[in-house]
>>> print(open('final-v4.cif').read())   # mmCIF, C-alpha atoms and all ligand atoms
data_protein
#
loop_
_atom_site.label_atom_id
_atom_site.label_comp_id
_atom_site.auth_asym_id
_atom_site.auth_seq_id
_atom_site.Cartn_x
_atom_site.Cartn_y
_atom_site.Cartn_z
CA MET A 1 40.67 -64.31 -16.33
CA LYS A 2 40.53 -63.65 -12.60
CA PRO A 3 39.60 -60.17 -11.37
CA SER A 4 42.59 -58.48 -9.71
CA VAL A 5 40.47 -57.53 -6.71
CA PRO A 6 40.10 -60.57 -4.42
CA LEU A 7 36.58 -61.70 -3.61
CA ALA A 8 35.55 -63.58 -0.49
CA GLY A 9 32.22 -64.13 1.20
CA VAL A 10 30.05 -66.09 3.55
CA VAL A 11 27.63 -68.85 2.57
CA GLY A 12 24.72 -70.14 4.62
CA ASP A 13 20.99 -70.60 4.54
CA PRO A 14 19.73 -68.19 5.78
CA ILE A 15 22.55 -65.64 5.67
CA SER A 16 20.91 -62.26 6.29
CA HIS A 17 21.65 -62.44 10.05
CA SER A 18 25.40 -62.91 9.51
CA LYS A 19 27.68 -60.29 11.02
CA SER A 20 30.63 -61.36 8.86
CA PRO A 21 29.99 -58.82 6.04
CA LEU A 22 30.06 -55.94 8.56
CA LEU A 23 33.24 -57.33 10.06
CA PHE A 24 35.13 -57.99 6.84
CA ARG A 25 34.11 -54.69 5.25
CA HIS A 26 35.26 -52.88 8.40
CA TRP A 27 38.68 -54.52 8.14
CA LEU A 28 38.95 -53.95 4.36
CA LYS A 29 38.29 -50.26 4.97
CA ARG A 30 40.58 -50.02 7.99
CA TYR A 31 43.53 -51.51 6.09
CA GLY A 32 42.73 -49.78 2.78
CA ILE A 33 42.49 -53.10 0.94
CA ALA A 34 40.75 -53.34 -2.42
CA GLY A 35 38.60 -56.43 -2.00
CA HIS A 36 34.98 -57.44 -1.64
CA TYR A 37 33.15 -59.63 0.87
CA ILE A 38 29.74 -60.92 -0.19
CA PRO A 39 27.00 -62.75 1.75
CA MET A 40 25.44 -65.55 -0.34
CA PRO A 41 22.36 -67.59 0.57
CA ILE A 42 22.85 -71.07 -0.89
CA ALA A 43 20.39 -73.96 -0.53
CA ALA A 44 21.90 -77.25 0.64
CA GLU A 45 21.14 -79.04 -2.64
CA ASN A 46 23.16 -76.46 -4.61
CA PHE A 47 26.05 -76.18 -2.18
CA GLU A 48 28.76 -78.21 -3.90
CA GLN A 49 27.97 -76.98 -7.42
CA VAL A 50 28.05 -73.32 -6.37
CA ILE A 51 31.19 -73.67 -4.26
CA ARG A 52 33.10 -75.36 -7.10
CA ALA A 53 32.16 -72.53 -9.48
CA LEU A 54 33.20 -69.64 -7.23
CA PRO A 55 37.01 -69.88 -7.67
CA LYS A 56 36.44 -69.43 -11.42
CA ALA A 57 34.64 -66.15 -10.64
CA GLY A 58 37.62 -64.77 -8.70
CA PHE A 59 36.80 -65.94 -5.19
CA VAL A 60 39.78 -66.73 -2.98
CA GLY A 61 37.78 -68.24 -0.14
CA LEU A 62 34.64 -68.39 1.95
CA ASN A 63 33.33 -68.44 5.44
CA VAL A 64 30.76 -71.17 5.91
CA THR A 65 27.88 -71.11 8.33
CA LEU A 66 24.81 -73.25 9.05
CA PRO A 67 23.73 -75.60 7.58
CA HIS A 68 26.80 -76.16 5.38
CA LYS A 69 29.65 -76.71 7.85
CA THR A 70 29.80 -80.50 7.48
CA ALA A 71 29.24 -80.37 3.70
CA ALA A 72 32.15 -77.90 3.47
CA LEU A 73 34.41 -80.39 5.20
CA ALA A 74 33.22 -83.21 2.94
CA ILE A 75 33.93 -81.47 -0.37
CA ALA A 76 37.41 -80.22 0.57
CA ASP A 77 40.53 -81.70 -1.03
CA LYS A 78 42.62 -80.94 2.06
CA THR A 79 41.55 -80.44 5.67
CA THR A 80 43.31 -79.29 8.81
CA ASP A 81 43.51 -81.68 11.76
CA ARG A 82 41.43 -79.31 13.84
CA ALA A 83 38.61 -79.29 11.26
CA ILE A 84 38.62 -83.09 11.29
CA MET A 85 38.54 -83.19 15.12
CA ILE A 86 35.64 -80.73 15.15
CA GLY A 87 33.90 -82.53 12.28
CA ALA A 88 33.01 -79.32 10.46
CA ALA A 89 34.62 -76.50 8.45
CA ASN A 90 33.86 -72.79 8.76
CA THR A 91 36.59 -71.54 6.43
CA LEU A 92 37.36 -72.59 2.86
CA ILE A 93 40.48 -71.49 1.02
CA PHE A 94 40.52 -71.72 -2.78
CA ARG A 95 44.14 -72.43 -3.63
CA ARG A 96 45.85 -71.39 -6.82
CA ASP A 97 46.42 -75.04 -7.74
CA GLY A 98 42.63 -75.48 -7.81
CA LEU A 99 42.40 -77.43 -4.55
CA ILE A 100 39.91 -76.51 -1.85
CA HIS A 101 41.39 -76.35 1.65
CA ALA A 102 39.04 -76.57 4.68
CA ASP A 103 39.76 -75.28 8.16
CA ASN A 104 37.79 -74.69 11.33
CA THR A 105 38.79 -71.52 13.17
CA ASP A 106 36.06 -71.57 15.88
CA GLY A 107 38.38 -73.14 18.46
CA TYR A 108 41.14 -70.68 17.59
CA GLY A 109 38.62 -67.83 17.98
CA PHE A 110 37.42 -69.21 21.29
CA ILE A 111 40.91 -69.41 22.82
CA ALA A 112 42.01 -66.06 21.38
CA ASN A 113 38.93 -64.43 22.93
CA LEU A 114 39.53 -66.18 26.24
CA LYS A 115 43.13 -64.96 26.36
CA ALA A 116 42.14 -61.44 25.31
CA GLY A 117 39.51 -61.24 28.08
CA ALA A 118 41.59 -63.00 30.75
CA PRO A 119 45.25 -62.39 29.90
CA ASN A 120 46.38 -64.37 32.97
CA TRP A 121 44.25 -67.39 32.06
CA ASP A 122 46.24 -70.57 32.56
CA PRO A 123 45.11 -73.97 31.23
CA PHE A 124 46.76 -75.60 34.24
CA TRP A 125 44.63 -73.74 36.80
CA GLY A 126 42.23 -76.67 37.04
CA SER A 127 39.21 -78.23 35.39
CA ALA A 128 37.05 -76.49 32.81
CA ALA A 129 33.28 -76.94 32.86
CA VAL A 130 31.68 -77.00 29.42
CA LEU A 131 27.89 -76.78 29.22
CA GLY A 132 26.43 -78.11 25.98
CA ALA A 133 27.51 -80.76 23.48
CA GLY A 134 26.51 -79.35 20.09
CA GLY A 135 28.71 -78.21 17.20
CA ALA A 136 30.19 -75.26 19.09
CA ALA A 137 31.10 -77.49 22.06
CA ARG A 138 33.27 -79.65 19.79
CA ALA A 139 35.35 -76.60 18.81
CA VAL A 140 35.60 -75.41 22.42
CA ILE A 141 36.60 -78.83 23.80
CA SER A 142 39.13 -79.41 21.05
CA SER A 143 40.80 -76.04 21.66
CA LEU A 144 40.78 -76.33 25.47
CA LEU A 145 42.45 -79.75 25.24
CA GLU A 146 44.98 -78.43 22.74
CA ALA A 147 45.73 -75.50 25.06
CA GLY A 148 46.60 -78.02 27.80
CA VAL A 149 43.51 -78.17 30.03
CA GLN A 150 43.79 -81.48 31.88
CA GLU A 151 40.14 -82.15 32.67
CA ILE A 152 36.92 -81.06 31.02
CA LEU A 153 33.68 -81.56 32.93
CA LEU A 154 31.11 -81.83 30.16
CA SER A 155 27.42 -81.50 30.90
CA ASN A 156 24.59 -81.58 28.39
CA ARG A 157 20.82 -81.96 28.62
CA THR A 158 20.97 -84.95 26.24
CA LYS A 159 23.63 -87.08 27.92
CA GLY A 160 24.16 -89.32 24.87
CA LYS A 161 25.64 -86.39 22.93
CA ALA A 162 28.11 -85.69 25.74
CA ASP A 163 29.03 -89.40 25.80
CA THR A 164 29.77 -89.21 22.06
CA LEU A 165 32.13 -86.27 22.63
CA ARG A 166 33.78 -88.20 25.48
CA SER A 167 34.47 -91.09 23.13
CA ASP A 168 35.70 -88.74 20.37
CA PHE A 169 37.97 -86.61 22.58
CA GLY A 170 39.12 -89.17 25.15
CA SER A 171 39.65 -89.58 28.84
CA ARG A 172 40.41 -85.94 29.68
CA VAL A 173 36.65 -85.39 29.16
CA THR A 174 34.39 -86.41 32.07
CA VAL A 175 30.65 -86.46 31.48
CA VAL A 176 28.54 -84.93 34.24
CA ASP A 177 24.74 -85.39 34.35
CA TRP A 178 22.85 -82.22 33.41
CA ILE A 179 21.17 -82.28 36.80
CA GLU A 180 24.63 -82.05 38.39
CA ALA A 181 25.94 -79.24 36.16
CA GLY A 182 26.08 -76.97 39.24
CA ASP A 183 28.68 -79.30 40.80
CA ALA A 184 30.83 -79.12 37.65
CA ILE A 185 30.62 -75.30 37.77
CA GLU A 186 31.65 -75.31 41.42
CA GLU A 187 34.64 -77.56 40.77
CA ALA A 188 35.87 -75.76 37.64
CA LYS A 189 37.97 -72.63 37.34
CA THR A 190 37.00 -72.01 33.71
CA ILE A 191 33.30 -72.17 32.84
CA VAL A 192 31.95 -72.09 29.29
CA ASN A 193 28.35 -71.99 28.12
CA THR A 194 28.11 -73.48 24.63
CA THR A 195 24.35 -74.07 24.77
CA SER A 196 21.99 -71.66 23.04
CA LEU A 197 20.32 -70.96 26.41
CA GLY A 198 20.36 -67.30 27.40
CA MET A 199 20.17 -66.15 23.78
CA VAL A 200 17.44 -63.71 22.74
CA GLY A 201 14.28 -65.77 22.14
CA GLN A 202 15.61 -68.78 24.09
CA PRO A 203 15.00 -69.74 27.72
CA GLU A 204 17.56 -68.71 30.35
CA LEU A 205 20.29 -71.13 31.39
CA ARG A 206 18.82 -72.61 34.54
CA VAL A 207 21.62 -74.49 36.27
CA PRO A 208 22.76 -73.71 39.84
CA LEU A 209 25.37 -70.94 39.72
CA ASP A 210 26.05 -70.55 43.43
CA GLY A 211 29.36 -72.41 42.99
CA LEU A 212 30.84 -69.53 40.96
CA ALA A 213 33.75 -67.99 42.87
CA PRO A 214 35.89 -64.85 42.54
CA GLY A 215 38.76 -65.57 40.17
CA ASP A 216 36.80 -68.02 38.01
CA VAL A 217 36.80 -67.21 34.30
CA VAL A 218 33.31 -67.45 32.82
CA THR A 219 32.57 -67.14 29.13
CA ASP A 220 29.40 -67.50 27.09
CA LEU A 221 29.31 -68.26 23.37
CA VAL A 222 25.96 -66.49 23.16
CA TYR A 223 26.50 -62.86 22.11
CA ALA A 224 22.91 -61.62 21.76
CA PRO A 225 22.53 -60.26 24.38
CA LEU A 226 26.16 -59.41 25.06
CA GLU A 227 25.66 -59.85 28.79
CA THR A 228 23.69 -63.05 29.31
CA GLY A 229 22.12 -64.04 32.64
CA LEU A 230 25.11 -66.34 33.22
CA LEU A 231 27.60 -63.51 32.70
CA ALA A 232 25.61 -61.09 34.90
CA THR A 233 25.56 -63.63 37.75
CA ALA A 234 29.26 -64.40 37.25
CA ARG A 235 30.16 -60.70 37.27
CA ALA A 236 28.24 -60.21 40.54
CA ALA A 237 30.14 -63.19 42.00
CA GLY A 238 33.49 -61.54 41.22
CA CYS A 239 34.42 -63.74 38.25
CA THR A 240 36.21 -62.56 35.12
CA VAL A 241 33.53 -62.54 32.42
CA ILE A 242 34.03 -62.73 28.66
CA ASP A 243 31.20 -62.35 26.16
CA GLY A 244 30.81 -64.35 22.97
CA LEU A 245 31.21 -61.53 20.47
CA GLY A 246 35.00 -61.68 20.67
CA MET A 247 35.01 -65.33 19.58
CA LEU A 248 33.04 -64.39 16.49
CA LEU A 249 35.57 -61.66 15.66
CA HIS A 250 38.70 -63.68 16.40
CA GLN A 251 37.57 -66.73 14.40
CA ALA A 252 37.53 -64.53 11.30
CA VAL A 253 41.18 -63.44 11.64
CA PRO A 254 42.87 -66.42 9.89
CA GLY A 255 40.53 -66.24 6.87
CA PHE A 256 40.95 -62.50 6.41
CA GLU A 257 44.74 -62.83 6.62
CA ARG A 258 44.80 -65.67 4.13
CA TRP A 259 42.50 -64.02 1.59
CA PHE A 260 43.56 -60.38 1.83
CA GLY A 261 47.19 -60.66 2.97
CA GLN A 262 46.90 -58.67 6.19
CA ARG A 263 46.47 -60.04 9.71
CA PRO A 264 43.64 -57.91 11.14
CA GLU A 265 43.50 -56.78 14.74
CA VAL A 266 40.44 -57.23 16.92
CA THR A 267 39.96 -53.91 18.72
CA GLU A 268 37.13 -51.99 20.38
CA ASP A 269 36.45 -50.41 16.95
CA THR A 270 35.98 -53.89 15.52
CA ARG A 271 33.37 -54.70 18.16
CA LEU A 272 31.55 -51.44 17.50
CA ALA A 273 31.55 -52.11 13.75
CA VAL A 274 29.50 -55.28 14.13
CA LEU A 275 27.19 -54.21 16.96
P1 LIG B 301 23.73 -76.82 18.47
O1 LIG B 301 24.68 -77.76 17.79
O2 LIG B 301 22.32 -76.75 18.01
O3 LIG B 301 23.74 -77.18 20.05
C1 LIG B 301 22.85 -76.55 20.92
C2 LIG B 301 23.20 -76.90 22.37
O4 LIG B 301 22.29 -76.19 23.23
C3 LIG B 301 23.05 -78.40 22.69
O5 LIG B 301 24.00 -78.76 23.65
C4 LIG B 301 21.62 -78.43 23.27
O6 LIG B 301 21.39 -79.51 24.15
C5 LIG B 301 21.61 -77.14 24.06
N1 LIG B 301 20.25 -76.71 24.33
C6 LIG B 301 19.39 -76.12 23.45
N2 LIG B 301 18.19 -75.89 24.07
C7 LIG B 301 18.32 -76.36 25.34
C8 LIG B 301 17.44 -76.40 26.45
N3 LIG B 301 16.18 -75.91 26.40
N4 LIG B 301 17.89 -76.94 27.64
C9 LIG B 301 19.16 -77.42 27.71
N5 LIG B 301 20.05 -77.40 26.68
C10 LIG B 301 19.63 -76.87 25.51
O7 LIG B 301 24.26 -75.32 18.41
P2 LIG B 301 25.78 -74.83 18.34
O8 LIG B 301 26.17 -74.63 16.93
O9 LIG B 301 26.61 -75.71 19.20
O10 LIG B 301 25.65 -73.35 18.98
C11 LIG B 301 25.35 -73.18 20.34
C12 LIG B 301 25.36 -71.70 20.71
O11 LIG B 301 26.65 -71.15 20.52
C13 LIG B 301 24.41 -70.86 19.82
O12 LIG B 301 23.81 -69.89 20.65
C14 LIG B 301 25.34 -70.19 18.83
O13 LIG B 301 24.85 -68.95 18.37
C15 LIG B 301 26.57 -69.99 19.71
N6 LIG B 301 27.82 -69.89 18.93
C16 LIG B 301 28.57 -68.76 19.08
C17 LIG B 301 29.76 -68.64 18.40
C18 LIG B 301 30.58 -67.40 18.60
O14 LIG B 301 31.45 -67.12 17.75
N7 LIG B 301 30.37 -66.66 19.66
C19 LIG B 301 30.21 -69.67 17.54
C20 LIG B 301 29.43 -70.82 17.42
C21 LIG B 301 28.22 -70.91 18.13
P3 LIG B 301 20.79 -80.91 23.57
O15 LIG B 301 21.94 -81.64 22.97
O16 LIG B 301 20.21 -81.57 24.76
O17 LIG B 301 19.73 -80.53 22.55
#
>>> encode(input="final-v4.cif", output="structure tokens")
Amino acid sequence: MKPSVPLAGVVGDPISHSKSPLLFRHWLKRYGIAGHYIPMPIAAENFEQVIRALPKAGFVGLNVTLPHKTAALAIADKTTDRAIMIGAANTLIFRRDGLIHADNTDGYGFIANLKAGAPNWDPFWGSAAVLGAGGAARAVISSLLEAGVQEILLSNRTKGKADTLRSDFGSRVTVVDWIEAGDAIEEAKTIVNTTSLGMVGQPELRVPLDGLAPGDVVTDLVYAPLETGLLATARAAGCTVIDGLGMLLHQAVPGFERWFGQRPEVTEDTRLAVL
């Protein structure tokens, strides 16, 4: 028999750094919902076995973080188009019919955060420069293209990875050599850092930023620190700057709504709850 109180959680390895429990518990309390959200460290070799057992214990779904995002996509019975395009799942829904449904909400979270921080942002303003070609870049590129951005200037230290994204996402993506990333920034109106550079414990992002101009929208996926070197330079140049914390909060909205029946709002209180 299933418990009447819905259970959800986040799986990863490690998981102790995850901010999702703070976030979900904040929303459960805010909306007075009886439910639980549990962080679970799961080793890769146990992933599928544990996931398949959880619905029987009353779980309605899971957030998935590293290193399980591709395994989560692989074990799902149904997948959204956006999860397939991104090649990874960060949200699993355990349906009543026993099927596991996989989604990827990172791109949704990215665009929702962009629009919240720059309400006038328009995909038809001009090119977007995307720095980095890892897992997060796939979600960002997919969502920018879906929003209508006509050209993405993609620059990554390892050019081969950018070339792979160009062949996966098509001709609206133009690969720019890492050494010329400053030119892409100068040309673009929307600039996104998806590399881990600028994060606590990582080197600074060292690409020329003198092409940043007032009116540009600059966002960083890194959220520790909240104001990265890129964002500080962009702010001083008169750009609209958007930190990465909002993406983390917004990407959780669809899962919470699905599992607990309430669409949660991302507010200043929500930010404070996870900081
Ligand atoms: P990933 O797949 O490991 O990709 C890392 C990216 O950073 C690659 O493009 C890599 O370039 C680049 N990079 C790393 N060290 C570099 C260096 N020294 N010089 C130049 N480039 C370097 O990681 P990911 O999953 O895409 O995540 C990237 C960042 O986004 C992380 O900081 C993560 O925390 C953040 N993130 C934030 C959110 C959010 O909700 N705000 C969501 C997802 C991810 P190479 O290909 O050349 O190695």
>>> closest_atom_pairs(input="final-v4.cif", of="range 121-228 of chain A", to="range 73-85 of chain A", cutoff="9 Å", atoms="all atoms listed in the file", output="Markdown table")
| residue | atom | partner | partner_atom | distance |
| --- | --- | --- | --- | --- |
| A:Arg138 | CA | A:Met85 | CA | 7.9 |
| A:Ala139 | CA | A:Met85 | CA | 8.2 |
| A:Ser142 | CA | A:Met85 | CA | 7.1 |
| A:Ser143 | CA | A:Arg82 | CA | 8.5 |
| A:Asp168 | CA | A:Met85 | CA | 8.2 |
| A:Phe169 | CA | A:Met85 | CA | 8.2 |
>>> write_last_selection(input="final-v4.cif", atoms="C-alpha atoms", output="mmCIF file, keeping the file's coordinate frame")
data_model
loop_
_atom_site.group_PDB
_atom_site.id
_atom_site.type_symbol
_atom_site.label_atom_id
_atom_site.label_comp_id
_atom_site.auth_asym_id
_atom_site.auth_seq_id
_atom_site.Cartn_x
_atom_site.Cartn_y
_atom_site.Cartn_z
ATOM 1 C CA ARG A 138 33.270 -79.650 19.790
ATOM 2 C CA ALA A 139 35.350 -76.600 18.810
ATOM 3 C CA SER A 142 39.130 -79.410 21.050
ATOM 4 C CA SER A 143 40.800 -76.040 21.660
ATOM 5 C CA ASP A 168 35.700 -88.740 20.370
ATOM 6 C CA PHE A 169 37.970 -86.610 22.580
#
>>> closest_residue(input="final-v4.cif", among="A:Gly98, A:Gly58, A:Gly126, A:Gly135", to="ligand LIG 301 (chain B)", atoms="all atoms listed in the file")
A:Gly135
>>> residues_around(input="final-v4.cif", residues="range 29-39 of chain A", least_positions_apart="5", cutoff="7 Å", atoms="all atoms listed in the file", output="PDB file with C-alpha atoms, in the frame of the given file")
ATOM      1  CA  VAL A   5      40.470 -57.530  -6.710  1.00  0.00           C
ATOM      2  CA  PRO A   6      40.100 -60.570  -4.420  1.00  0.00           C
ATOM      3  CA  LEU A   7      36.580 -61.700  -3.610  1.00  0.00           C
ATOM      4  CA  ALA A   8      35.550 -63.580  -0.490  1.00  0.00           C
ATOM      5  CA  GLY A   9      32.220 -64.130   1.200  1.00  0.00           C
ATOM      6  CA  VAL A  10      30.050 -66.090   3.550  1.00  0.00           C
ATOM      7  CA  VAL A  11      27.630 -68.850   2.570  1.00  0.00           C
ATOM      8  CA  ILE A  15      22.550 -65.640   5.670  1.00  0.00           C
ATOM      9  CA  PRO A  21      29.990 -58.820   6.040  1.00  0.00           C
ATOM     10  CA  PHE A  24      35.130 -57.990   6.840  1.00  0.00           C
TER      11      PHE A  24
END
>>> residues_near_ligand(input="final-v4.cif", ligand="ligand LIG 301 (chain B)", cutoff="9 Å", atoms="only C-alpha atoms and all ligand atoms", output="count of residues only")
49
>>> residues_near_point(input="final-v4.cif", point="(36.6, -77.1, 3.0)", cutoff="6 Å", atoms="all atoms listed in the file", output="NGL selection string")
:A and (72-73 or 76 or 89 or 92 or 100-102)
>>> residues_near_point(input="final-v4.cif", point="(26.0, -72.5, 1.1)", cutoff="7 Å", atoms="only C-alpha atoms", output="list in words")
Val11, Gly12, Asp13, Pro41, Ile42, Ala43, Ala44, Phe47, Val64 and His68 of chain A
>>> atom_distance(input="final-v4.cif", atom1="CA of Pro67 in chain A", atom2="CA of Arg52 in chain A")
17.4 Å
>>> atom_distance(input="final-v4.cif", atom1="CA of Val241 in chain A", atom2="CA of Glu151 in chain A")
20.7 Å
>>> closest_residue(input="final-v4.cif", among="A:Leu114, A:Ala213, A:Val60, A:Ile152", to="Arg96 in chain A", atoms="only C-alpha atoms")
A:Val60
>>> atom_distance(input="final-v4.cif", atom1="CA of Glu268 in chain A", atom2="CA of Thr105 in chain A")
20.9 Å
>>> axis_aligned_box(input="final-v4.cif", around="range 249-259 of chain A", padding_each_side="4 Å", output="lines of an AutoDock Vina configuration file")
center_x = 40.2
center_y = -64.2
center_z = 9.0
size_x = 17.2
size_y = 13.1
size_z = 22.8
>>> closest_residue(input="final-v4.cif", among="A:Ala232, A:Ile86, A:Asn113, A:Phe59", to="Leu165 in chain A", atoms="all atoms listed in the file")
A:Ile86
